[in-house]
file protein.tsv (TSV, C-alpha atoms)
chain	number	residue	atom	x	y	z
R	1	MET	CA	-178.19	-99.05	132.05
R	2	GLU	CA	-180.67	-98.37	134.86
R	3	TYR	CA	-181.21	-102.13	135.18
R	4	LEU	CA	-177.51	-102.48	136.01
R	5	TYR	CA	-177.86	-100.07	138.93
R	6	LEU	CA	-181.07	-101.79	139.99
R	7	GLY	CA	-179.10	-105.04	140.12
R	8	ILE	CA	-176.43	-103.36	142.26
R	9	PHE	CA	-179.01	-102.07	144.74
R	10	LEU	CA	-180.71	-105.45	144.99
R	11	LEU	CA	-177.62	-107.70	145.14
R	12	ALA	CA	-175.03	-105.59	147.01
R	13	PRO	CA	-176.77	-106.19	150.39
R	14	ALA	CA	-176.34	-109.95	149.96
R	15	LEU	CA	-172.61	-109.53	149.35
R	16	VAL	CA	-172.19	-107.13	152.28
R	17	LYS	CA	-174.15	-109.44	154.58
R	18	TRP	CA	-171.94	-112.37	153.52
R	19	LEU	CA	-168.77	-110.34	154.14
R	20	CYS	CA	-170.02	-109.35	157.60
R	21	GLY	CA	-170.32	-113.03	158.43
R	22	LYS	CA	-166.79	-113.77	157.18
R	23	VAL	CA	-164.80	-110.73	158.38
R	24	SER	CA	-165.13	-110.01	162.09
R	25	ILE	CA	-164.36	-106.27	161.91
R	26	LEU	CA	-167.05	-105.80	159.23
R	27	GLY	CA	-169.47	-107.75	161.38
R	28	LYS	CA	-168.88	-105.32	164.23
R	29	ILE	CA	-169.56	-102.33	161.95
R	30	GLY	CA	-172.76	-103.94	160.68
R	31	PRO	CA	-174.42	-104.24	157.26
R	32	ILE	CA	-176.50	-101.05	157.47
R	33	LEU	CA	-173.56	-98.74	158.16
R	34	LEU	CA	-171.47	-100.44	155.47
R	35	LEU	CA	-174.28	-100.18	152.93
R	36	TYR	CA	-174.72	-96.51	153.76
R	37	ALA	CA	-171.02	-95.90	153.23
R	38	LEU	CA	-171.14	-97.75	149.91
R	39	GLY	CA	-174.17	-95.78	148.82
R	40	ILE	CA	-172.51	-92.46	149.70
R	41	VAL	CA	-169.45	-93.36	147.66
R	42	MET	CA	-171.58	-94.38	144.70
R	43	GLY	CA	-173.69	-91.25	144.82
R	44	ASN	CA	-171.01	-88.63	145.44
R	45	LEU	CA	-168.05	-89.88	143.37
R	46	SER	CA	-169.98	-89.85	140.09
R	47	LEU	CA	-170.25	-93.63	140.08
R	48	LEU	CA	-173.93	-93.33	139.22
R	49	PRO	CA	-173.92	-90.87	136.31
R	50	PHE	CA	-177.02	-92.35	134.70
R	51	LEU	CA	-179.03	-91.75	137.85
R	52	SER	CA	-178.22	-88.06	138.12
R	53	GLU	CA	-181.04	-85.55	137.70
R	54	SER	CA	-179.33	-84.17	134.63
R	55	VAL	CA	-180.24	-87.28	132.67
R	56	ALA	CA	-183.47	-86.85	130.76
R	57	ARG	CA	-186.26	-89.31	131.52
R	58	PRO	CA	-189.70	-89.73	129.98
R	59	ALA	CA	-192.27	-87.44	131.60
R	60	GLY	CA	-193.70	-88.92	134.79
R	61	LEU	CA	-191.15	-91.73	134.98
R	62	PRO	CA	-189.35	-91.78	138.35
R	63	GLY	CA	-185.70	-92.75	138.62
R	64	ILE	CA	-184.53	-96.15	139.80
R	65	GLN	CA	-183.56	-94.75	143.21
R	66	ASP	CA	-187.01	-93.28	143.81
R	67	MET	CA	-188.74	-96.48	142.74
R	68	VAL	CA	-186.56	-98.71	144.92
R	69	THR	CA	-186.89	-96.59	148.07
R	70	SER	CA	-190.65	-96.21	147.50
R	71	ALA	CA	-191.04	-99.99	147.21
R	72	MET	CA	-188.77	-101.24	150.00
R	73	VAL	CA	-190.28	-99.41	152.98
R	74	PRO	CA	-193.90	-100.55	152.38
R	75	LEU	CA	-192.64	-104.13	152.00
R	76	ALA	CA	-190.50	-103.95	155.14
R	77	ILE	CA	-193.15	-102.56	157.49
R	78	PRO	CA	-195.55	-105.55	157.52
R	79	LEU	CA	-192.74	-108.11	157.35
R	80	MET	CA	-191.11	-106.63	160.47
R	81	LEU	CA	-194.45	-106.47	162.29
R	82	PHE	CA	-195.55	-110.05	161.63
R	83	GLY	CA	-193.39	-111.49	164.42
R	84	CYS	CA	-193.99	-108.74	167.00
R	85	ARG	CA	-195.57	-109.26	170.39
R	86	PHE	CA	-197.15	-106.08	171.71
R	87	ARG	CA	-196.99	-105.13	175.36
R	88	ARG	CA	-199.17	-102.66	177.27
R	89	SER	CA	-196.26	-101.82	179.57
R	90	GLU	CA	-194.54	-99.97	176.70
R	91	THR	CA	-197.44	-97.55	176.09
R	92	ARG	CA	-196.26	-95.11	178.77
R	93	ASN	CA	-192.81	-94.69	177.26
R	94	GLN	CA	-194.23	-94.26	173.77
R	95	ALA	CA	-196.65	-91.53	174.86
R	96	LEU	CA	-193.92	-89.73	176.80
R	97	ALA	CA	-191.52	-89.99	173.85
R	98	LEU	CA	-194.14	-88.38	171.61
R	99	ALA	CA	-194.80	-85.54	174.07
R	100	THR	CA	-191.14	-84.85	174.87
R	101	GLY	CA	-190.21	-84.98	171.18
R	102	LEU	CA	-192.82	-82.38	170.26
R	103	LEU	CA	-191.78	-80.15	173.16
R	104	ALA	CA	-188.12	-80.44	172.18
R	105	VAL	CA	-188.80	-79.37	168.58
R	106	ILE	CA	-190.96	-76.43	169.66
R	107	PHE	CA	-188.40	-75.26	172.22
R	108	THR	CA	-185.48	-75.39	169.78
R	109	ALA	CA	-187.55	-73.61	167.13
R	110	ILE	CA	-188.21	-70.73	169.54
R	111	ALA	CA	-184.61	-70.66	170.80
R	112	GLY	CA	-183.24	-70.76	167.26
R	113	TYR	CA	-185.42	-67.82	166.24
R	114	PHE	CA	-183.92	-65.61	168.95
R	115	ILE	CA	-180.38	-66.81	168.16
R	116	PHE	CA	-180.47	-66.61	164.36
R	117	GLY	CA	-183.56	-64.55	163.61
R	118	LYS	CA	-181.96	-61.14	163.10
R	119	ALA	CA	-179.23	-62.53	160.85
R	120	ILE	CA	-181.81	-64.39	158.74
R	121	ASP	CA	-184.10	-61.37	158.40
R	122	SER	CA	-181.19	-59.24	157.20
R	123	SER	CA	-179.87	-61.83	154.72
R	124	SER	CA	-179.97	-61.53	150.96
R	125	LEU	CA	-182.81	-64.03	150.81
R	126	VAL	CA	-185.12	-61.53	152.44
R	127	GLY	CA	-183.79	-58.66	150.40
R	128	ALA	CA	-184.66	-60.55	147.22
R	129	GLY	CA	-188.30	-59.74	147.90
R	130	ASN	CA	-189.64	-63.27	148.35
R	131	GLY	CA	-191.30	-62.47	151.67
R	132	THR	CA	-189.16	-64.83	153.74
R	133	THR	CA	-188.70	-64.11	157.43
R	134	ALA	CA	-187.06	-65.98	160.27
R	135	ALA	CA	-190.51	-66.55	161.78
R	136	LYS	CA	-191.68	-68.32	158.63
R	137	ILE	CA	-188.53	-70.41	158.47
R	138	GLY	CA	-189.01	-71.35	162.12
R	139	GLY	CA	-192.53	-72.50	161.32
R	140	MET	CA	-191.40	-74.52	158.31
R	141	LEU	CA	-188.63	-76.23	160.29
R	142	THR	CA	-191.12	-77.04	163.06
R	143	GLY	CA	-193.38	-78.66	160.49
R	144	VAL	CA	-190.68	-80.72	158.82
R	145	TYR	CA	-189.19	-81.93	162.14
R	146	THR	CA	-192.51	-83.04	163.58
R	147	GLY	CA	-193.78	-84.48	160.32
R	148	GLY	CA	-191.82	-84.55	157.09
R	149	THR	CA	-191.20	-82.98	153.70
R	150	VAL	CA	-194.95	-83.03	153.01
R	151	ASN	CA	-195.42	-80.61	155.90
R	152	LEU	CA	-192.56	-78.45	154.63
R	153	ALA	CA	-194.23	-78.13	151.23
R	154	SER	CA	-197.62	-77.39	152.79
R	155	LEU	CA	-196.19	-74.66	155.00
R	156	GLN	CA	-194.35	-73.10	152.08
R	157	ALA	CA	-197.69	-72.54	150.37
R	158	MET	CA	-199.51	-71.48	153.53
R	159	LEU	CA	-196.85	-68.98	154.62
R	160	GLY	CA	-196.05	-67.64	151.14
R	161	VAL	CA	-192.36	-68.59	151.25
R	162	GLY	CA	-190.41	-68.27	148.00
R	163	SER	CA	-189.24	-71.35	146.09
R	164	GLU	CA	-185.56	-70.37	146.47
R	165	THR	CA	-185.80	-70.60	150.25
R	166	TYR	CA	-187.78	-73.84	150.07
R	167	VAL	CA	-185.11	-75.45	147.89
R	168	LEU	CA	-182.36	-74.20	150.23
R	169	LEU	CA	-184.14	-75.57	153.32
R	170	ASN	CA	-184.86	-78.87	151.62
R	171	SER	CA	-181.23	-79.27	150.51
R	172	TYR	CA	-179.89	-78.50	153.98
R	173	ASP	CA	-182.46	-80.83	155.52
R	174	MET	CA	-181.56	-83.80	153.32
R	175	VAL	CA	-177.83	-83.56	154.02
R	176	ILE	CA	-177.91	-82.68	157.74
R	177	SER	CA	-180.67	-85.21	158.48
R	178	PHE	CA	-178.54	-87.81	156.73
R	179	LEU	CA	-175.54	-86.91	158.93
R	180	PHE	CA	-177.84	-87.03	161.97
R	181	MET	CA	-178.96	-90.54	161.09
R	182	MET	CA	-175.44	-91.72	160.39
R	183	SER	CA	-174.29	-90.35	163.76
R	184	LEU	CA	-177.01	-92.30	165.55
R	185	ILE	CA	-176.10	-95.53	163.78
R	186	ALA	CA	-172.33	-95.08	164.14
R	187	PHE	CA	-172.19	-94.19	167.85
R	188	GLY	CA	-175.37	-92.50	169.06
R	189	ILE	CA	-177.35	-95.65	169.80
R	190	ARG	CA	-174.57	-97.13	171.94
R	191	LEU	CA	-174.02	-93.83	173.74
R	192	LEU	CA	-177.70	-93.32	174.56
R	193	ARG	CA	-178.05	-96.90	175.77
R	194	ARG	CA	-175.40	-96.15	178.36
R	195	PHE	CA	-177.07	-92.92	179.46
R	196	LEU	CA	-180.73	-93.99	179.42
R	197	PRO	CA	-182.53	-97.16	180.61
R	198	TYR	CA	-181.98	-100.08	178.25
R	199	GLY	CA	-183.04	-103.75	178.52
R	200	ASP	CA	-180.32	-105.14	176.27
R	201	ARG	CA	-180.74	-108.79	177.17
R	202	GLU	CA	-184.47	-108.69	176.67
R	203	ILE	CA	-184.18	-106.96	173.31
R	204	ALA	CA	-181.41	-109.23	172.02
R	205	GLY	CA	-183.46	-112.28	172.96
R	206	GLU	CA	-186.60	-110.87	171.36
R	207	TRP	CA	-184.78	-110.15	168.08
R	208	SER	CA	-183.17	-113.57	167.79
R	209	GLU	CA	-186.16	-115.52	169.11
R	210	GLY	CA	-186.95	-118.52	166.95
R	211	GLU	CA	-183.66	-118.62	165.03
R	212	GLU	CA	-183.40	-122.38	165.42
R	213	SER	CA	-186.93	-122.93	164.09
R	214	LYS	CA	-186.28	-121.15	160.79
R	215	PRO	CA	-186.30	-123.39	157.70
R	216	ARG	CA	-183.00	-123.87	155.92
R	217	ARG	CA	-182.36	-120.94	153.59
R	218	PHE	CA	-183.64	-121.49	150.04
R	219	SER	CA	-185.12	-124.89	150.89
R	220	ALA	CA	-188.58	-125.82	149.57
R	221	LEU	CA	-190.17	-124.79	152.89
R	222	TRP	CA	-188.25	-121.49	152.84
R	223	TRP	CA	-189.57	-120.64	149.36
R	224	LYS	CA	-193.10	-121.62	150.36
R	225	GLN	CA	-193.05	-119.35	153.42
R	226	ALA	CA	-191.43	-116.53	151.44
R	227	GLY	CA	-194.15	-116.76	148.80
R	228	ILE	CA	-196.93	-116.67	151.39
R	229	LEU	CA	-195.38	-113.76	153.31
R	230	LEU	CA	-194.65	-111.67	150.23
R	231	GLY	CA	-198.09	-112.39	148.80
R	232	ILE	CA	-199.82	-111.23	151.98
R	233	THR	CA	-197.54	-108.20	152.20
R	234	LEU	CA	-198.24	-107.16	148.61
R	235	LEU	CA	-201.96	-107.55	149.24
R	236	MET	CA	-201.70	-105.27	152.28
R	237	VAL	CA	-199.72	-102.72	150.29
R	238	GLY	CA	-202.30	-102.78	147.50
R	239	VAL	CA	-205.27	-102.38	149.85
R	240	SER	CA	-203.59	-99.58	151.81
R	241	ALA	CA	-202.55	-97.70	148.67
R	242	GLY	CA	-206.00	-98.15	147.12
R	243	VAL	CA	-207.82	-96.73	150.14
R	244	ALA	CA	-205.29	-93.90	150.58
R	245	SER	CA	-205.61	-92.90	146.92
R	246	LEU	CA	-209.30	-92.10	147.49
R	247	LEU	CA	-208.34	-89.25	149.83
R	248	PRO	CA	-206.71	-85.87	149.05
R	249	LYS	CA	-203.15	-86.21	147.74
R	250	GLU	CA	-201.56	-84.47	150.74
R	251	TRP	CA	-203.00	-87.15	153.03
R	252	PHE	CA	-201.89	-90.13	150.95
R	253	MET	CA	-198.64	-90.97	152.77
R	254	THR	CA	-200.15	-90.52	156.24
R	255	ILE	CA	-203.15	-92.76	155.54
R	256	PHE	CA	-201.07	-95.26	153.58
R	257	ILE	CA	-198.57	-95.84	156.40
R	258	LEU	CA	-201.35	-95.84	159.02
R	259	LEU	CA	-203.34	-98.51	157.19
R	260	LEU	CA	-200.28	-100.59	156.35
R	261	THR	CA	-199.11	-100.53	159.97
R	262	SER	CA	-202.59	-101.43	161.23
R	263	LEU	CA	-202.85	-104.39	158.85
R	264	GLY	CA	-199.39	-105.57	159.91
R	265	ILE	CA	-200.37	-105.41	163.57
R	266	VAL	CA	-203.59	-107.34	162.94
R	267	ALA	CA	-201.66	-109.99	160.99
R	268	SER	CA	-199.20	-110.40	163.87
R	269	PHE	CA	-201.99	-111.97	165.95
R	270	VAL	CA	-202.38	-114.79	163.42
R	271	ARG	CA	-200.34	-117.57	164.99
R	272	LYS	CA	-199.42	-119.41	161.79
R	273	LEU	CA	-198.19	-116.20	160.22
R	274	ARG	CA	-196.24	-115.17	163.32
R	275	GLU	CA	-194.48	-118.54	163.38
R	276	MET	CA	-192.99	-117.99	159.91
R	277	LYS	CA	-189.68	-116.75	161.26
R	278	ILE	CA	-188.20	-115.86	157.87
R	279	ALA	CA	-190.36	-112.70	157.85
R	280	ASP	CA	-187.53	-111.07	159.80
R	281	ASP	CA	-184.98	-112.00	157.15
R	282	LEU	CA	-187.14	-110.72	154.30
R	283	GLY	CA	-187.94	-107.48	156.12
R	284	MET	CA	-184.30	-106.91	156.99
R	285	TYR	CA	-183.23	-107.46	153.40
R	286	CYS	CA	-185.72	-104.81	152.26
R	287	ILE	CA	-184.14	-102.45	154.79
R	288	TYR	CA	-180.66	-103.26	153.49
R	289	VAL	CA	-181.74	-102.46	149.92
R	290	PHE	CA	-183.37	-99.25	151.13
R	291	SER	CA	-180.21	-98.27	153.00
R	292	ILE	CA	-177.79	-98.44	150.06
R	293	THR	CA	-180.31	-96.82	147.70
R	294	VAL	CA	-181.26	-93.90	149.90
R	295	ALA	CA	-177.60	-93.29	150.77
R	296	SER	CA	-176.78	-93.00	147.06
R	297	MET	CA	-179.27	-90.11	146.89
R	298	ALA	CA	-177.40	-87.98	149.45
R	299	ASP	CA	-175.85	-85.20	147.39
R	300	PHE	CA	-173.29	-83.31	149.46
R	301	SER	CA	-172.78	-80.88	146.60
R	302	ALA	CA	-176.24	-79.52	147.46
R	303	MET	CA	-174.74	-77.79	150.49
R	304	ASP	CA	-174.81	-74.20	149.24
R	305	PHE	CA	-173.05	-72.41	152.10
R	306	SER	CA	-173.32	-69.14	150.22
R	307	GLY	CA	-177.10	-69.23	150.70
R	308	SER	CA	-177.30	-68.51	154.42
R	309	LEU	CA	-175.13	-69.85	157.21
R	310	SER	CA	-177.70	-68.55	159.69
R	311	ILE	CA	-180.39	-70.76	158.20
R	312	LEU	CA	-177.99	-73.71	158.28
R	313	GLY	CA	-177.24	-72.97	161.93
R	314	TYR	CA	-180.95	-72.74	162.74
R	315	LEU	CA	-181.58	-76.10	161.07
R	316	CYS	CA	-178.65	-77.83	162.81
R	317	LEU	CA	-179.80	-76.48	166.18
R	318	MET	CA	-183.25	-77.92	165.64
R	319	ILE	CA	-182.00	-81.36	164.58
R	320	PHE	CA	-179.30	-81.95	167.16
R	321	GLY	CA	-180.69	-79.61	169.83
R	322	SER	CA	-184.10	-81.28	169.85
R	323	LEU	CA	-182.45	-84.68	170.37
R	324	PHE	CA	-180.35	-83.29	173.22
R	325	ILE	CA	-183.40	-81.82	174.98
R	326	GLN	CA	-185.43	-84.98	174.44
R	327	VAL	CA	-182.64	-87.08	175.94
R	328	LEU	CA	-182.51	-84.86	179.03
R	329	LEU	CA	-186.29	-85.14	179.47
R	330	ALA	CA	-186.07	-88.90	178.91
R	331	LYS	CA	-183.47	-89.18	181.66
R	332	LEU	CA	-185.78	-87.30	184.01
R	333	LEU	CA	-188.85	-89.37	183.05
R	334	LYS	CA	-186.96	-92.69	182.75
R	335	ILE	CA	-187.83	-93.31	179.10
R	336	ASP	CA	-185.79	-96.11	177.55
R	337	ALA	CA	-183.04	-95.33	175.03
R	338	ASP	CA	-184.47	-97.21	172.04
R	339	THR	CA	-187.84	-95.46	172.29
R	340	VAL	CA	-186.09	-92.09	172.33
R	341	VAL	CA	-183.96	-93.00	169.29
R	342	ILE	CA	-186.92	-94.24	167.27
R	343	ALA	CA	-189.05	-91.21	168.23
R	344	SER	CA	-186.30	-88.81	167.21
R	345	THR	CA	-185.85	-90.69	163.94
R	346	ALA	CA	-189.59	-90.45	163.23
R	347	PHE	CA	-189.59	-86.70	163.89
R	348	ILE	CA	-186.35	-85.71	162.18
R	349	CYS	CA	-186.15	-88.22	159.32
R	350	SER	CA	-189.88	-89.18	158.94
R	351	PRO	CA	-191.60	-92.59	159.34
R	352	PRO	CA	-190.07	-94.34	156.29
R	353	PHE	CA	-186.73	-94.41	158.14
R	354	VAL	CA	-188.20	-96.01	161.27
R	355	PRO	CA	-187.83	-99.67	160.16
R	356	MET	CA	-184.23	-99.02	159.13
R	357	MET	CA	-183.34	-97.52	162.53
R	358	ALA	CA	-185.13	-100.36	164.33
R	359	ALA	CA	-183.02	-102.79	162.31
R	360	ALA	CA	-179.86	-100.91	163.26
R	361	MET	CA	-180.87	-101.24	166.93
R	362	LYS	CA	-181.88	-104.90	166.45
R	363	ASN	CA	-185.16	-104.09	168.18
R	364	ARG	CA	-188.23	-104.62	166.05
R	365	ARG	CA	-190.56	-103.90	169.00
R	366	VAL	CA	-190.04	-100.16	168.53
R	367	VAL	CA	-191.25	-100.20	164.90
R	368	VAL	CA	-194.89	-99.64	165.88
R	369	ALA	CA	-193.96	-96.90	168.35
R	370	GLY	CA	-191.86	-95.08	165.74
R	371	LEU	CA	-194.48	-95.34	163.01
R	372	SER	CA	-197.25	-94.21	165.36
R	373	ILE	CA	-195.23	-91.21	166.53
R	374	GLY	CA	-194.34	-90.34	162.94
R	375	ILE	CA	-197.96	-90.55	161.78
R	376	ILE	CA	-199.10	-88.25	164.58
R	377	GLY	CA	-196.26	-85.93	163.61
R	378	TYR	CA	-197.49	-85.89	160.00
R	379	ALA	CA	-200.97	-84.96	161.25
R	380	VAL	CA	-200.00	-82.17	163.63
R	381	GLY	CA	-196.83	-80.86	161.95
R	382	THR	CA	-198.50	-78.40	159.60
R	383	TYR	CA	-200.72	-76.98	162.36
R	384	LEU	CA	-197.80	-76.61	164.77
R	385	GLY	CA	-195.59	-75.00	162.13
R	386	PHE	CA	-198.23	-72.49	161.10
R	387	ALA	CA	-199.12	-71.59	164.71
R	388	LEU	CA	-195.46	-71.20	165.72
R	389	SER	CA	-194.67	-68.97	162.72
R	390	ARG	CA	-197.50	-66.66	163.78
R	391	LEU	CA	-196.24	-66.68	167.37
R	392	LEU	CA	-192.66	-65.89	166.39
R	393	ALA	CA	-193.83	-63.11	164.05
R	394	LEU	CA	-195.08	-61.23	167.13
R	395	PHE	CA	-191.43	-60.75	168.18
R	396	SER	CA	-190.15	-59.49	164.83
call {"tool": "encode", "arguments": {"input": "protein.tsv", "output": "structure tokens"}}
result
Amino acid sequence: MEYLYLGIFLLAPALVKWLCGKVSILGKIGPILLLYALGIVMGNLSLLPFLSESVARPAGLPGIQDMVTSAMVPLAIPLMLFGCRFRRSETRNQALALATGLLAVIFTAIAGYFIFGKAIDSSSLVGAGNGTTAAKIGGMLTGVYTGGTVNLASLQAMLGVGSETYVLLNSYDMVISFLFMMSLIAFGIRLLRRFLPYGDREIAGEWSEGEESKPRRFSALWWKQAGILLGITLLMVGVSAGVASLLPKEWFMTIFILLLTSLGIVASFVRKLREMKIADDLGMYCIYVFSITVASMADFSAMDFSGSLSILGYLCLMIFGSLFIQVLLAKLLKIDADTVVIASTAFICSPPFVPMMAAAMKNRRVVVAGLSIGIIGYAVGTYLGFALSRLLALFS
């Protein structure tokens, strides 16, 4: 039965893409948003009963959804980087986006502590004797929104936070981060491009560059180029995973993405490889598969409002408040809209979602910026979270 769902995840993007080309209103919505909507329906209306966690699987065997999402992002990263041309002029905006993003997360973490701290400290979660405090939650949220779930798990152990609170935070994070991402795709990108600097003509030309030179789809030349590109990509994935596996487990994802990105950048300077324009199509299709699969994993039933509305409020403030502050700073510093969007995506949703957001913006140039910002966030997130929890504890 799982092979049926695997077939749906792999083939549905082709059908949606075809429909977008035939129906104008669907084309305006775009494949990614449509695939997300389809995935949500499949995951939350019990259309995927075999994929639910209640179904027993052999020990150590991940579900189809986990396997698909884990495979698509590593394949998409090099494929989307092969055709990139890197420009020194963009370094300033990337550095400023990193700095303003970190400042925005830290500021909202401190503000949220003073707004929700007393209510959190007096909640039943604290009374249960698991040692949870608002200061610790503030530190954990700082870690997860500058890095990712890896940082959240690390801080749980470092700060001695109970598993009940960790599960609650993780559930809230998955659902609210998902809504955050959907908001950006649905209207946030267009809104920010009106408010912040945006070179729309340049980006649109860069994305579609070389369309006429692509070989006819599924021709002999197309299959030859696809085989070469996928072979090189798989080799990069294997090398990156092999090197990363030699390091401590908690560093695997950081080193893996760093190496994979670096190899993709190096490959982009090989002229013959860069001229294989179908790399864009292959990378985009991986993102489409990732989109429908990851959307099917969003479980809105995980929203346990009886746990703590104060914690939910704290988390929402950090996600949407940090973006608001970063946008204001970007306006002041004249940072372009797409760099802000990709930086916020890297911080809030973690690096694996960067290629998907770049595809939604039709701007592959920001892939490297987003991955770089996300990798730095992985590296510093645990330290920032731990330091901020100790700072906030001084006010309790």
call {"tool": "atom_distance", "arguments": {"input": "protein.tsv", "atom1": "CA of Ile189 (chain R)", "atom2": "CA of Ala97 (chain R)"}}
result
15.8 Å
call {"tool": "closest_residue", "arguments": {"input": "protein.tsv", "among": "R:Gly377, R:Gly385, R:Gly313, R:Gly231", "to": "Thr146 (chain R)", "atoms": "all atoms listed in the file"}}
result
R:Gly377
call {"tool": "closest_atom_pairs", "arguments": {"input": "protein.tsv", "of": "region 125-171 of chain R", "to": "region 253-269 of chain R", "cutoff": "12 Å", "atoms": "only C-alpha atoms", "output": "tab-separated table"}}
result
residue	atom	partner	partner_atom	distance
R:Gly147	CA	R:Thr254	CA	9.7
R:Gly148	CA	R:Thr254	CA	10.3
R:Thr149	CA	R:Met253	CA	11.0
R:Val150	CA	R:Met253	CA	8.8
R:Asn151	CA	R:Thr254	CA	11.0
call {"tool": "closest_residue", "arguments": {"input": "protein.tsv", "among": "R:Tyr198, R:Phe187, R:Phe107, R:Phe9", "to": "Thr339 (chain R)", "atoms": "all atoms listed in the file"}}
result
R:Tyr198
call {"tool": "residues_around", "arguments": {"input": "protein.tsv", "residues": "Ala14 (chain R)", "least_positions_apart": "3", "cutoff": "12 Å", "atoms": "all atoms listed in the file", "output": "PyMOL selection string"}}
result
chain R and resi 7-11+17-21+31-32+35+281-282+284-289+292
call {"tool": "residues_near_point", "arguments": {"input": "protein.tsv", "point": "(-177.7, -71.1, 160.4)", "cutoff": "12 Å", "atoms": "all atoms listed in the file", "output": "ChimeraX atom specification"}}
result
/R:112-121,123,134,137-138,168-169,172-173,176,304-319
call {"tool": "atom_distance", "arguments": {"input": "protein.tsv", "atom1": "CA of Val294 (chain R)", "atom2": "CA of Ala12 (chain R)"}}
result
13.6 Å
call {"tool": "residues_around", "arguments": {"input": "protein.tsv", "residues": "Leu328 (chain R)", "least_positions_apart": "6", "cutoff": "12 Å", "atoms": "all atoms listed in the file", "output": "PDB file with C-alpha atoms, in the frame of the given file"}}
result
ATOM      1  CA  ALA R  97    -191.520 -89.990 173.850  1.00  0.00           C
ATOM      2  CA  THR R 100    -191.140 -84.850 174.870  1.00  0.00           C
ATOM      3  CA  GLY R 101    -190.210 -84.980 171.180  1.00  0.00           C
ATOM      4  CA  LEU R 103    -191.780 -80.150 173.160  1.00  0.00           C
ATOM      5  CA  ALA R 104    -188.120 -80.440 172.180  1.00  0.00           C
ATOM      6  CA  LEU R 192    -177.700 -93.320 174.560  1.00  0.00           C
ATOM      7  CA  PHE R 195    -177.070 -92.920 179.460  1.00  0.00           C
ATOM      8  CA  LEU R 196    -180.730 -93.990 179.420  1.00  0.00           C
ATOM      9  CA  GLY R 321    -180.690 -79.610 169.830  1.00  0.00           C
ATOM     10  CA  SER R 322    -184.100 -81.280 169.850  1.00  0.00           C
ATOM     11  CA  LYS R 334    -186.960 -92.690 182.750  1.00  0.00           C
ATOM     12  CA  ILE R 335    -187.830 -93.310 179.100  1.00  0.00           C
ATOM     13  CA  ASP R 336    -185.790 -96.110 177.550  1.00  0.00           C
ATOM     14  CA  ALA R 337    -183.040 -95.330 175.030  1.00  0.00           C
ATOM     15  CA  VAL R 340    -186.090 -92.090 172.330  1.00  0.00           C
TER      16      VAL R 340
END
